[in-house]
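Following: one structure in structure tokens, then a few remarks.
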Amino acid sequence: MVSIDNPNSATANGHAAAAAAVDVMSVDPPAPESNGPQPEFDAYRRRKSTILPLDVGTRVNCRWRDGKYHPVKVIERRKHFDGGANYYEYYVHYTEFNRRLDEWVDLNQLDLGSVETDVDDKVEDKVTGLKMTRHQKRKIDETHIEGHEELDAASLREHEEFTKVKNIATIELGKYEIETWYFSPFPPEYNDCTKLFFCEFCLNFMKRKEQLQRHMKKCDLKHPPGDEIYRNKTLSMFEVDGKKNKIYGQNLCYLAKLFLDHKTLYYDVDLFLFYVLCECDDRGCHMVGYFSKEKQSEESYNLACILTLPPYQRKGYGKFLIAFSYELSKKEAKVGTPERPLSDLGLLSYRGYWTRVLLDILKKHKGNISIKELSDMTAIKAEDILTTLQSLELIQYRKGQHVICADPKVLDRHLKAAGGGGLDVEVSKLIWTPYKEQN
């Protein structure tokens, strides 16, 4: 991701650096002098001619944007428009990294001496899983919470096959050009696009910059459609009813799918409310992220999907969105919980929120307190409170009931490990009527 306000910014995906490296690095070893021995060179050329083009499923080492070679799996291939008969580009998955880093690479980035064409997937997955420490995996993935992961094994395989190649490489949204992470099922007329231009206010998307410029002259929106329910200095939250603003809701889902993997894309947005968080200035209110929730949830879900856009990540907005969803639950006089099942990273983010909220209360509270009382105070579901405190080893089972053991030093240690709480929700700034009361 780069700001398009600064023409001197480096490209988000490091392609410029890779292109520069291609000028000085070649997949072929240097040819020997005409009179010298060349068996080794000839053997290399013969091997190259037999393995090219690489088949889908081939394992090989690929030079990544850090200048180092990493193991990849070839997911797809396509003929290069100005190459020879065997000159292809390859869409690869870096087996050490998240799928969002999958990309098209040139032949010059591949180390053909490392080609493996017959590797057991289970063995390969086990090996690469062991290569990454928990910290490394979190470092790659911690910048966002995954979407819905309700797919069974068969559906997951079908989903991965259909979405294996990222269709849109970059988008322009407001002042940012953002590299996308995943496939999103845009309408067929956009199949030939690798970049889309979004109006940051109504979220309509176009194929060309000129179309966006013409649209912006006519678009009279300066903020998301719907009601502004929260304003604190430069931060605003808008509630958008999917039934009243169907096109906006669908466009938001298309946009979100570019950054969420196993998210189910709902075309019927009538059943959802979208809470869109914005940074505001004299040009308007610019979306930084959102969460959605069902209007009616029998399971007490207070959040269905959540996303902070890449340019605004690591600023505490994700924590703010989670906290905001619970403030709405308190206004509804309900307990709430995020839609299940949670991804590992989703659970990590929520467990951090639950830890901070619960331990802060336990530190200040004098005397005994029950899980039911904690639930009433925080709007956190009792089951979530119990599993959180159990994971922290703060629950003991005595005489047929769960007892909270809150040693101050232990609480301080856990609070420190949980990290900061991000931006605070100023409840006095929240002016909102629950959906049921609106109708």
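Chain labels follow the order of the structure tokens: the first chain is A, the next B, and so on; residue numbering restarts at 1 in every chain, and ligands are counted from 1 in their shown order.
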- Who sits within 10 Å of Ile171 (chain A), only C-alpha atoms, same chain under 5 positions skipped, as a list in words: Met1, Tyr176, Glu177, Ile178, Glu179, Thr180, Thr194, Lys195, Leu196, Phe197, Phe198, Phe205, Met206, Lys207, Leu255 and Leu258 of chain A
Save out the residues we just selected, all heavy atoms, as a compact mmCIF listing (two decimals), in the first residue's frame.
```
# COMPACT_ATOMS: atom_id res chain seq x y z
N MET A 1 0.84 -1.18 0.00
CA MET A 1 0.00 0.00 0.00
C MET A 1 0.88 1.23 0.00
O MET A 1 1.82 1.33 0.75
CB MET A 1 -0.90 -0.03 1.25
CG MET A 1 -1.83 1.16 1.42
SD MET A 1 -1.01 2.57 2.18
CE MET A 1 -0.51 1.89 3.73
N TYR A 176 -5.23 6.51 -1.30
CA TYR A 176 -4.36 5.34 -1.22
C TYR A 176 -4.51 4.40 -2.40
O TYR A 176 -5.61 4.19 -2.91
CB TYR A 176 -4.63 4.55 0.07
CG TYR A 176 -4.27 5.28 1.33
CD1 TYR A 176 -5.25 5.82 2.15
CD2 TYR A 176 -2.93 5.44 1.70
CE1 TYR A 176 -4.92 6.51 3.31
CE2 TYR A 176 -2.59 6.12 2.86
CZ TYR A 176 -3.58 6.64 3.66
OH TYR A 176 -3.24 7.31 4.80
N GLU A 177 -3.38 3.85 -2.82
CA GLU A 177 -3.38 2.70 -3.71
C GLU A 177 -3.00 1.50 -2.85
O GLU A 177 -1.98 1.49 -2.18
CB GLU A 177 -2.36 2.87 -4.84
CG GLU A 177 -2.36 1.72 -5.83
CD GLU A 177 -1.41 1.94 -6.99
OE1 GLU A 177 -0.21 1.64 -6.82
OE2 GLU A 177 -1.86 2.44 -8.03
N ILE A 178 -3.87 0.48 -2.84
CA ILE A 178 -3.73 -0.63 -1.89
C ILE A 178 -3.58 -1.94 -2.65
O ILE A 178 -4.38 -2.25 -3.54
CB ILE A 178 -4.96 -0.71 -0.97
CG1 ILE A 178 -5.29 0.65 -0.36
CG2 ILE A 178 -4.73 -1.75 0.13
CD1 ILE A 178 -6.62 0.70 0.38
N GLU A 179 -2.57 -2.70 -2.29
CA GLU A 179 -2.40 -4.03 -2.84
C GLU A 179 -3.38 -4.97 -2.15
O GLU A 179 -3.47 -5.02 -0.93
CB GLU A 179 -0.96 -4.52 -2.60
CG GLU A 179 -0.69 -5.89 -3.21
CD GLU A 179 0.74 -6.33 -2.96
OE1 GLU A 179 1.61 -5.46 -2.77
OE2 GLU A 179 0.98 -7.55 -2.95
N THR A 180 -4.14 -5.72 -2.93
CA THR A 180 -5.16 -6.61 -2.36
C THR A 180 -4.52 -7.91 -1.88
O THR A 180 -3.37 -8.21 -2.19
CB THR A 180 -6.24 -6.93 -3.39
OG1 THR A 180 -5.65 -7.64 -4.49
CG2 THR A 180 -6.88 -5.65 -3.93
N THR A 194 -7.22 -5.72 -13.53
CA THR A 194 -6.33 -6.06 -12.43
C THR A 194 -6.30 -4.94 -11.39
O THR A 194 -5.76 -5.12 -10.30
CB THR A 194 -4.90 -6.32 -12.92
OG1 THR A 194 -4.42 -5.17 -13.63
CG2 THR A 194 -4.86 -7.54 -13.86
N LYS A 195 -6.88 -3.79 -11.75
CA LYS A 195 -6.95 -2.67 -10.82
C LYS A 195 -8.33 -2.04 -10.92
O LYS A 195 -8.88 -1.89 -12.01
CB LYS A 195 -5.88 -1.62 -11.14
CG LYS A 195 -5.89 -0.41 -10.19
CD LYS A 195 -4.74 0.54 -10.48
CE LYS A 195 -4.75 1.71 -9.50
NZ LYS A 195 -3.62 2.65 -9.71
N LEU A 196 -8.91 -1.71 -9.77
CA LEU A 196 -10.20 -1.05 -9.73
C LEU A 196 -10.10 0.26 -8.96
O LEU A 196 -9.27 0.40 -8.06
CB LEU A 196 -11.25 -1.94 -9.07
CG LEU A 196 -11.70 -3.18 -9.85
CD1 LEU A 196 -12.71 -3.99 -9.04
CD2 LEU A 196 -12.27 -2.81 -11.21
N PHE A 197 -10.96 1.21 -9.33
CA PHE A 197 -10.97 2.53 -8.72
C PHE A 197 -12.29 2.71 -7.99
O PHE A 197 -13.36 2.68 -8.60
CB PHE A 197 -10.80 3.61 -9.79
CG PHE A 197 -9.51 3.50 -10.55
CD1 PHE A 197 -9.39 2.64 -11.64
CD2 PHE A 197 -8.39 4.23 -10.18
CE1 PHE A 197 -8.19 2.52 -12.34
CE2 PHE A 197 -7.19 4.13 -10.87
CZ PHE A 197 -7.09 3.26 -11.95
N PHE A 198 -12.22 2.88 -6.67
CA PHE A 198 -13.41 3.00 -5.83
C PHE A 198 -13.68 4.45 -5.45
O PHE A 198 -12.76 5.19 -5.11
CB PHE A 198 -13.24 2.21 -4.53
CG PHE A 198 -13.48 0.74 -4.65
CD1 PHE A 198 -12.51 -0.10 -5.17
CD2 PHE A 198 -14.67 0.19 -4.22
CE1 PHE A 198 -12.72 -1.47 -5.27
CE2 PHE A 198 -14.90 -1.18 -4.31
CZ PHE A 198 -13.93 -2.01 -4.83
N PHE A 205 -17.42 1.20 -7.97
CA PHE A 205 -16.08 0.92 -8.48
C PHE A 205 -16.07 0.96 -10.01
O PHE A 205 -17.07 0.65 -10.67
CB PHE A 205 -15.56 -0.43 -7.97
CG PHE A 205 -16.55 -1.55 -8.05
CD1 PHE A 205 -16.70 -2.34 -9.19
CD2 PHE A 205 -17.36 -1.84 -6.95
CE1 PHE A 205 -17.61 -3.37 -9.25
CE2 PHE A 205 -18.28 -2.88 -6.99
CZ PHE A 205 -18.41 -3.64 -8.14
N MET A 206 -14.94 1.38 -10.55
CA MET A 206 -14.80 1.59 -12.00
C MET A 206 -13.50 0.99 -12.49
O MET A 206 -12.59 0.71 -11.72
CB MET A 206 -14.81 3.10 -12.32
CG MET A 206 -16.08 3.82 -11.91
SD MET A 206 -15.77 4.95 -10.54
CE MET A 206 -17.41 5.10 -9.85
N LYS A 207 -13.43 0.83 -13.81
CA LYS A 207 -12.25 0.22 -14.43
C LYS A 207 -11.12 1.21 -14.66
O LYS A 207 -9.96 0.81 -14.69
CB LYS A 207 -12.63 -0.40 -15.78
CG LYS A 207 -13.59 -1.58 -15.70
CD LYS A 207 -13.84 -2.14 -17.10
CE LYS A 207 -14.76 -3.36 -17.06
NZ LYS A 207 -14.96 -3.93 -18.41
N LEU A 255 -15.57 -5.17 -1.61
CA LEU A 255 -14.32 -4.57 -1.15
C LEU A 255 -13.71 -5.38 -0.01
O LEU A 255 -12.51 -5.69 -0.03
CB LEU A 255 -14.60 -3.14 -0.69
CG LEU A 255 -13.44 -2.37 -0.03
CD1 LEU A 255 -12.29 -2.19 -1.02
CD2 LEU A 255 -13.92 -1.02 0.50
N LEU A 258 -11.73 -8.64 -0.73
CA LEU A 258 -10.35 -8.52 -1.22
C LEU A 258 -9.33 -8.66 -0.09
O LEU A 258 -8.15 -8.91 -0.35
CB LEU A 258 -10.16 -7.16 -1.90
CG LEU A 258 -10.91 -6.94 -3.21
CD1 LEU A 258 -10.85 -5.47 -3.62
CD2 LEU A 258 -10.34 -7.82 -4.32
```
- Item | Non-local contacts of Val425 (chain A) (8 Å; only C-alpha atoms; under 4 positions in same chain excluded) as number ranges by chain | A: 320, 323-324
Quick one: residues within 8 Å of Ile385 (chain A), only C-alpha atoms, excluding same-chain residues fewer than 5 positions away - as a compact mmCIF listing (two decimals) with all heavy atoms, in the first residue's frame?
```txt
# COMPACT_ATOMS: atom_id res chain seq x y z
N TRP A 354 -11.28 -9.42 25.63
CA TRP A 354 -11.92 -9.97 26.84
C TRP A 354 -10.99 -9.92 28.04
O TRP A 354 -11.41 -9.59 29.16
CB TRP A 354 -12.37 -11.41 26.58
CG TRP A 354 -13.44 -11.55 25.54
CD1 TRP A 354 -14.43 -10.65 25.25
CD2 TRP A 354 -13.64 -12.65 24.65
NE1 TRP A 354 -15.22 -11.12 24.23
CE2 TRP A 354 -14.78 -12.34 23.84
CE3 TRP A 354 -12.99 -13.87 24.45
CZ2 TRP A 354 -15.25 -13.21 22.86
CZ3 TRP A 354 -13.46 -14.73 23.47
CH2 TRP A 354 -14.59 -14.41 22.68
N LEU A 358 -12.01 -7.76 31.37
CA LEU A 358 -12.32 -8.54 32.59
C LEU A 358 -11.30 -8.29 33.70
O LEU A 358 -11.67 -8.09 34.87
CB LEU A 358 -12.37 -10.03 32.25
CG LEU A 358 -13.49 -10.46 31.28
CD1 LEU A 358 -13.32 -11.92 30.89
CD2 LEU A 358 -14.86 -10.21 31.90
N ILE A 371 -19.36 -14.83 37.59
CA ILE A 371 -19.29 -14.73 36.12
C ILE A 371 -20.55 -14.06 35.58
O ILE A 371 -20.48 -13.26 34.64
CB ILE A 371 -19.07 -16.13 35.51
CG1 ILE A 371 -17.65 -16.60 35.82
CG2 ILE A 371 -19.31 -16.11 34.00
CD1 ILE A 371 -17.31 -17.99 35.34
N LEU A 374 -20.11 -10.38 36.02
CA LEU A 374 -19.17 -9.89 35.01
C LEU A 374 -19.85 -9.76 33.65
O LEU A 374 -19.63 -8.79 32.92
CB LEU A 374 -17.95 -10.82 34.90
CG LEU A 374 -16.90 -10.73 36.00
CD1 LEU A 374 -15.88 -11.85 35.85
CD2 LEU A 374 -16.20 -9.37 35.97
N SER A 375 -20.67 -10.74 33.30
CA SER A 375 -21.39 -10.71 32.03
C SER A 375 -22.36 -9.54 31.97
O SER A 375 -22.44 -8.84 30.96
CB SER A 375 -22.14 -12.03 31.82
OG SER A 375 -22.81 -12.05 30.58
N ILE A 380 -20.37 -9.27 27.78
CA ILE A 380 -19.64 -10.42 27.23
C ILE A 380 -20.36 -11.69 27.66
O ILE A 380 -20.74 -11.84 28.83
CB ILE A 380 -18.18 -10.44 27.73
CG1 ILE A 380 -17.45 -9.17 27.29
CG2 ILE A 380 -17.45 -11.67 27.20
CD1 ILE A 380 -16.05 -9.02 27.90
```
- Task: Please provide the set of residues having any atom within 10 Å of Ala406 (chain A), restricted to only C-alpha atoms, with same-chain residues fewer than 4 positions apart removed, written as a ChimeraX atom specification.
- Result: /A:359,362-363,368,389,393-395,410-411
Restricting the output to C-alpha atoms, write the selected residues as a CSV table (one decimal), in the first residue's frame.
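That gives us again_37.csv:
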```
chain,number,residue,atom,x,y,z
A,359,LEU,CA,-9.0,-8.1,34.4
A,362,LEU,CA,-11.2,-7.7,38.7
A,363,LYS,CA,-8.3,-5.3,39.7
A,368,ASN,CA,-16.4,-11.6,45.4
A,389,LEU,CA,-10.4,-16.8,32.6
A,393,GLU,CA,-5.6,-20.1,34.9
A,394,LEU,CA,-7.7,-17.7,37.0
A,395,ILE,CA,-10.6,-20.2,37.5
A,410,VAL,CA,-1.0,-12.3,38.4
A,411,LEU,CA,-3.6,-9.8,37.0
```
Region 280-321 of chain A residues near region 239-249 of chain A within 10 Å, closest pair each, using only C-alpha atoms, as JSON lines:
```
{"residue": "A:Tyr290", "atom": "CA", "partner": "A:Glu239", "partner_atom": "CA", "distance": 9.8}
{"residue": "A:Phe291", "atom": "CA", "partner": "A:Glu239", "partner_atom": "CA", "distance": 10.0}
{"residue": "A:Ser292", "atom": "CA", "partner": "A:Val240", "partner_atom": "CA", "distance": 9.3}
{"residue": "A:Glu294", "atom": "CA", "partner": "A:Gly242", "partner_atom": "CA", "distance": 9.9}
{"residue": "A:Lys295", "atom": "CA", "partner": "A:Asp241", "partner_atom": "CA", "distance": 9.1}
```
- Using only C-alpha atoms, which residue out of A:Phe186, A:Tyr69, A:Arg99, A:Pro53 lies closest to Tyr87 (chain A)?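 Looking at the shortest contact to Tyr87 (chain A), the residue is A:Pro53.
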- Query: Which residue gives the smallest distance to Lys217 (chain A) among A:Cys199, A:Leu348, A:Leu252, A:Val74, with only C-alpha atoms counted?
  - Reply: A:Cys199
- Item | For Lys233 (chain A), the nearest of the candidates A:Glu103, A:Gly316, A:Glu279, A:Val335, counting only C-alpha atoms |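 Smallest separation from Lys233 (chain A) among the options: A:Glu279.
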- Smallest atom-to-atom distance to Cys278 (chain A): which of A:Lys293, A:Arg231, A:Lys257, A:Arg100, using only C-alpha atoms? A:Arg231
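You will find CA of His402 (chain A) at 19.6 Å from CA of Arg351 (chain A).
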- Message: I'd like the interatomic distance between CA of Thr170 (chain A) and CA of Asp111 (chain A), to a tenth of an Å.
- Response: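 Those two atoms sit 27.0 Å apart.
Pairwise distance (CA of Thr387 (chain A), CA of Glu373 (chain A)) equals 15.8 Å.
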- Task: DSSP on the backbone, then: every residue of region 266-381 of chain A marked strand (DSSP E), written as a VMD selection string.
- Result: chain A and resid 272 to 281 284 to 294 301 to 303 305 to 308 337 to 338
- From the list A:Ser329, A:Asn302, A:Ser236, A:Gln109, the nearest residue to Asp281 (chain A) using only C-alpha atoms is A:Ser236
- Query: Could you name the residues that touch Ile431 (chain A) at 12 Å or less, counting only C-alpha atoms, but leaving out those on the same chain fewer than 5 positions away, as a PyMOL selection string?
  - Reply: chain A and resi 227-232+236-239+327-328+331+426
Any chance you could export the current selection's N, CA and C atoms as a compact mmCIF listing (two decimals), in the first residue's frame?
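Everything below was put into out04.txt:
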```
# COMPACT_ATOMS: atom_id res chain seq x y z
N ASP A 227 -26.96 6.75 9.07
CA ASP A 227 -26.99 7.67 10.21
C ASP A 227 -25.66 7.72 10.92
N GLU A 228 -25.19 8.93 11.22
CA GLU A 228 -23.99 9.08 12.04
C GLU A 228 -24.42 8.89 13.49
N ILE A 229 -23.89 7.83 14.12
CA ILE A 229 -24.31 7.50 15.49
C ILE A 229 -23.22 7.81 16.51
N TYR A 230 -22.04 8.19 16.05
CA TYR A 230 -20.94 8.46 16.97
C TYR A 230 -20.00 9.47 16.32
N ARG A 231 -19.62 10.48 17.10
CA ARG A 231 -18.61 11.45 16.62
C ARG A 231 -17.79 11.87 17.83
N ASN A 232 -16.49 11.64 17.74
CA ASN A 232 -15.57 12.07 18.79
C ASN A 232 -14.35 12.66 18.11
N SER A 236 -15.69 9.17 13.36
CA SER A 236 -17.14 9.01 13.26
C SER A 236 -17.51 7.58 12.94
N MET A 237 -18.71 7.18 13.39
CA MET A 237 -19.26 5.87 13.05
C MET A 237 -20.64 6.07 12.43
N PHE A 238 -20.85 5.40 11.29
CA PHE A 238 -22.12 5.48 10.59
C PHE A 238 -22.79 4.11 10.60
N GLU A 239 -24.09 4.09 10.86
CA GLU A 239 -24.87 2.86 10.78
C GLU A 239 -25.57 2.85 9.42
N GLU A 327 -20.42 -2.08 23.10
CA GLU A 327 -21.17 -0.93 23.59
C GLU A 327 -22.58 -0.94 23.03
N LEU A 328 -22.74 -1.39 21.77
CA LEU A 328 -24.08 -1.51 21.20
C LEU A 328 -24.87 -2.58 21.93
N LYS A 331 -26.23 -1.17 25.07
CA LYS A 331 -27.40 -0.32 24.80
C LYS A 331 -28.64 -1.16 24.56
N GLU A 426 -15.86 6.61 23.58
CA GLU A 426 -16.48 7.57 24.50
C GLU A 426 -17.99 7.36 24.44
```
- Message: Would you pick out the contacts of Leu307 (chain A) at 12 Å or less, using only C-alpha atoms, so that residues sharing its chain but fewer than 3 positions from it are not included, and give the list as a ChimeraX atom specification?
- Response: /A:143-148,252-253,255-261,263,274-277,287-292,303-304,310-313,317-322,346
Requested write-out: C-alpha atoms of the selected residues, as a short mmCIF file (atom, residue, chain, number, x, y, z; two decimals), in the first residue's frame:
```cif
data_model
loop_
_atom_site.label_atom_id
_atom_site.label_comp_id
_atom_site.auth_asym_id
_atom_site.auth_seq_id
_atom_site.Cartn_x
_atom_site.Cartn_y
_atom_site.Cartn_z
CA THR A 143 -2.81 -7.22 10.86
CA HIS A 144 -6.35 -8.38 10.30
CA ILE A 145 -9.02 -10.66 11.61
CA GLU A 146 -10.09 -13.39 9.21
CA GLY A 147 -13.68 -13.47 7.97
CA HIS A 148 -16.18 -16.26 8.41
CA LEU A 252 -18.71 -2.98 0.78
CA CYS A 253 -18.82 -6.80 0.71
CA LEU A 255 -14.32 -4.57 -1.15
CA ALA A 256 -14.01 -6.50 2.11
CA LYS A 257 -13.61 -9.83 0.32
CA LEU A 258 -10.35 -8.52 -1.22
CA PHE A 259 -8.86 -8.55 2.31
CA LEU A 260 -10.70 -11.42 4.02
CA ASP A 261 -10.09 -15.01 3.01
CA LYS A 263 -15.53 -14.73 4.16
CA PHE A 274 -23.03 -2.18 8.67
CA TYR A 275 -21.11 0.02 11.08
CA VAL A 276 -18.59 2.03 9.09
CA LEU A 277 -15.78 3.79 10.97
CA MET A 287 -13.68 4.85 5.71
CA VAL A 288 -10.99 3.12 7.76
CA GLY A 289 -12.87 -0.09 8.56
CA TYR A 290 -16.21 -1.59 9.48
CA PHE A 291 -18.06 -4.41 11.16
CA SER A 292 -21.41 -5.94 10.31
CA LEU A 303 -20.67 -9.07 15.10
CA ALA A 304 -20.62 -11.02 11.82
CA PRO A 310 -4.58 -1.95 5.29
CA PRO A 311 -3.62 1.77 5.31
CA TYR A 312 -5.22 2.14 8.74
CA GLN A 313 -4.02 -1.00 10.46
CA TYR A 317 -9.01 0.66 15.03
CA GLY A 318 -9.64 -3.09 15.13
CA LYS A 319 -9.78 -3.03 18.94
CA PHE A 320 -12.05 0.01 18.72
CA LEU A 321 -14.47 -1.82 16.43
CA ILE A 322 -14.66 -4.82 18.79
CA GLY A 346 -10.00 -13.74 15.37
#
```
- Message: Can you tell me, as a PyMOL selection string, which residues in region 240-357 of chain A count as helix (DSSP H, G or I) by DSSP?
- Response: chain A and resi 246-257+269-271+310-312+317-332+344-357
File of the preceding selection, N, CA and C atoms, as a short mmCIF file (atom, residue, chain, number, x, y, z; two decimals), in the first residue's frame:
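Printed below is out-v1.cif as written:
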```
data_model
loop_
_atom_site.label_atom_id
_atom_site.label_comp_id
_atom_site.auth_asym_id
_atom_site.auth_seq_id
_atom_site.Cartn_x
_atom_site.Cartn_y
_atom_site.Cartn_z
N LYS A 246 -28.78 -0.97 -0.39
CA LYS A 246 -28.39 -2.30 -0.86
C LYS A 246 -27.12 -2.26 -1.70
N ILE A 247 -27.02 -1.32 -2.61
CA ILE A 247 -25.84 -1.26 -3.49
C ILE A 247 -24.59 -0.97 -2.68
N TYR A 248 -24.70 -0.03 -1.73
CA TYR A 248 -23.55 0.27 -0.88
C TYR A 248 -23.12 -0.96 -0.09
N GLY A 249 -24.09 -1.68 0.47
CA GLY A 249 -23.79 -2.88 1.25
C GLY A 249 -23.11 -3.94 0.41
N GLN A 250 -23.59 -4.15 -0.81
CA GLN A 250 -22.97 -5.14 -1.69
C GLN A 250 -21.57 -4.72 -2.10
N ASN A 251 -21.39 -3.44 -2.41
CA ASN A 251 -20.06 -2.95 -2.78
C ASN A 251 -19.08 -3.07 -1.62
N LEU A 252 -19.56 -2.83 -0.40
CA LEU A 252 -18.71 -2.98 0.78
C LEU A 252 -18.27 -4.44 0.93
N CYS A 253 -19.17 -5.38 0.63
CA CYS A 253 -18.82 -6.80 0.71
C CYS A 253 -17.78 -7.17 -0.35
N TYR A 254 -17.94 -6.67 -1.56
CA TYR A 254 -16.94 -6.90 -2.61
C TYR A 254 -15.57 -6.39 -2.16
N LEU A 255 -15.57 -5.17 -1.61
CA LEU A 255 -14.32 -4.57 -1.15
C LEU A 255 -13.71 -5.38 -0.01
N ALA A 256 -14.52 -5.77 0.96
CA ALA A 256 -14.01 -6.50 2.11
C ALA A 256 -13.44 -7.85 1.71
N LYS A 257 -14.05 -8.50 0.72
CA LYS A 257 -13.61 -9.83 0.32
C LYS A 257 -12.18 -9.79 -0.23
N VAL A 269 -27.99 -8.42 1.40
CA VAL A 269 -27.49 -7.62 2.53
C VAL A 269 -28.63 -7.03 3.35
N ASP A 270 -29.88 -7.33 2.96
CA ASP A 270 -31.03 -6.75 3.67
C ASP A 270 -31.03 -7.10 5.15
N LEU A 271 -30.47 -8.25 5.50
CA LEU A 271 -30.55 -8.76 6.87
C LEU A 271 -29.47 -8.18 7.78
N PRO A 310 -6.04 -1.93 5.08
CA PRO A 310 -4.58 -1.95 5.29
C PRO A 310 -3.93 -0.60 5.62
N PRO A 311 -4.31 0.52 4.97
CA PRO A 311 -3.62 1.77 5.31
C PRO A 311 -3.84 2.23 6.75
N TYR A 312 -4.86 1.68 7.40
CA TYR A 312 -5.22 2.14 8.74
C TYR A 312 -4.97 1.10 9.82
N TYR A 317 -7.63 0.61 15.51
CA TYR A 317 -9.01 0.66 15.03
C TYR A 317 -9.72 -0.69 15.16
N GLY A 318 -9.01 -1.79 14.98
CA GLY A 318 -9.64 -3.09 15.13
C GLY A 318 -10.17 -3.30 16.54
N LYS A 319 -9.36 -2.93 17.53
CA LYS A 319 -9.78 -3.03 18.94
C LYS A 319 -10.97 -2.11 19.20
N PHE A 320 -10.94 -0.94 18.57
CA PHE A 320 -12.05 0.01 18.72
C PHE A 320 -13.34 -0.59 18.19
N LEU A 321 -13.27 -1.23 17.03
CA LEU A 321 -14.47 -1.82 16.43
C LEU A 321 -15.05 -2.92 17.32
N ILE A 322 -14.19 -3.76 17.88
CA ILE A 322 -14.66 -4.82 18.79
C ILE A 322 -15.33 -4.18 20.02
N ALA A 323 -14.66 -3.19 20.61
CA ALA A 323 -15.22 -2.53 21.79
C ALA A 323 -16.56 -1.86 21.45
N PHE A 324 -16.66 -1.27 20.26
CA PHE A 324 -17.89 -0.59 19.86
C PHE A 324 -19.05 -1.58 19.75
N SER A 325 -18.76 -2.78 19.23
CA SER A 325 -19.82 -3.79 19.09
C SER A 325 -20.40 -4.16 20.46
N TYR A 326 -19.56 -4.16 21.48
CA TYR A 326 -20.05 -4.47 22.82
C TYR A 326 -20.79 -3.30 23.45
N GLU A 327 -20.42 -2.08 23.10
CA GLU A 327 -21.17 -0.93 23.59
C GLU A 327 -22.58 -0.94 23.03
N LEU A 328 -22.74 -1.39 21.77
CA LEU A 328 -24.08 -1.51 21.20
C LEU A 328 -24.87 -2.58 21.93
N SER A 329 -24.21 -3.68 22.28
CA SER A 329 -24.89 -4.74 23.04
C SER A 329 -25.38 -4.22 24.39
N LYS A 330 -24.56 -3.40 25.04
CA LYS A 330 -24.97 -2.83 26.33
C LYS A 330 -26.20 -1.95 26.15
N LYS A 331 -26.23 -1.17 25.07
CA LYS A 331 -27.40 -0.32 24.80
C LYS A 331 -28.64 -1.16 24.56
N GLU A 332 -28.45 -2.36 24.00
CA GLU A 332 -29.57 -3.26 23.75
C GLU A 332 -29.95 -4.06 24.99
N ASP A 344 -8.25 -18.55 14.12
CA ASP A 344 -7.25 -18.48 15.19
C ASP A 344 -6.92 -17.02 15.52
N LEU A 345 -6.79 -16.20 14.48
CA LEU A 345 -6.43 -14.80 14.69
C LEU A 345 -7.60 -14.01 15.24
N GLY A 346 -8.82 -14.38 14.82
CA GLY A 346 -10.00 -13.74 15.37
C GLY A 346 -10.11 -14.01 16.86
N LEU A 347 -9.88 -15.27 17.24
CA LEU A 347 -9.92 -15.64 18.66
C LEU A 347 -8.84 -14.89 19.43
N LEU A 348 -7.65 -14.73 18.81
CA LEU A 348 -6.55 -14.02 19.46
C LEU A 348 -6.95 -12.57 19.76
N SER A 349 -7.58 -11.92 18.80
CA SER A 349 -7.99 -10.52 18.97
C SER A 349 -9.07 -10.39 20.03
N TYR A 350 -10.05 -11.28 19.96
CA TYR A 350 -11.13 -11.22 20.95
C TYR A 350 -10.64 -11.59 22.34
N ARG A 351 -9.80 -12.62 22.43
CA ARG A 351 -9.28 -13.02 23.72
C ARG A 351 -8.51 -11.87 24.36
N GLY A 352 -7.79 -11.08 23.54
CA GLY A 352 -7.10 -9.90 24.07
C GLY A 352 -8.07 -8.87 24.62
N TYR A 353 -9.18 -8.64 23.89
CA TYR A 353 -10.18 -7.68 24.35
C TYR A 353 -10.83 -8.17 25.64
N TRP A 354 -11.28 -9.42 25.63
CA TRP A 354 -11.92 -9.97 26.84
C TRP A 354 -10.99 -9.92 28.04
N THR A 355 -9.71 -10.24 27.82
CA THR A 355 -8.73 -10.22 28.91
C THR A 355 -8.61 -8.83 29.52
N ARG A 356 -8.44 -7.83 28.66
CA ARG A 356 -8.26 -6.46 29.16
C ARG A 356 -9.48 -5.98 29.94
N VAL A 357 -10.67 -6.23 29.40
CA VAL A 357 -11.90 -5.74 30.04
C VAL A 357 -12.14 -6.45 31.37
#
```
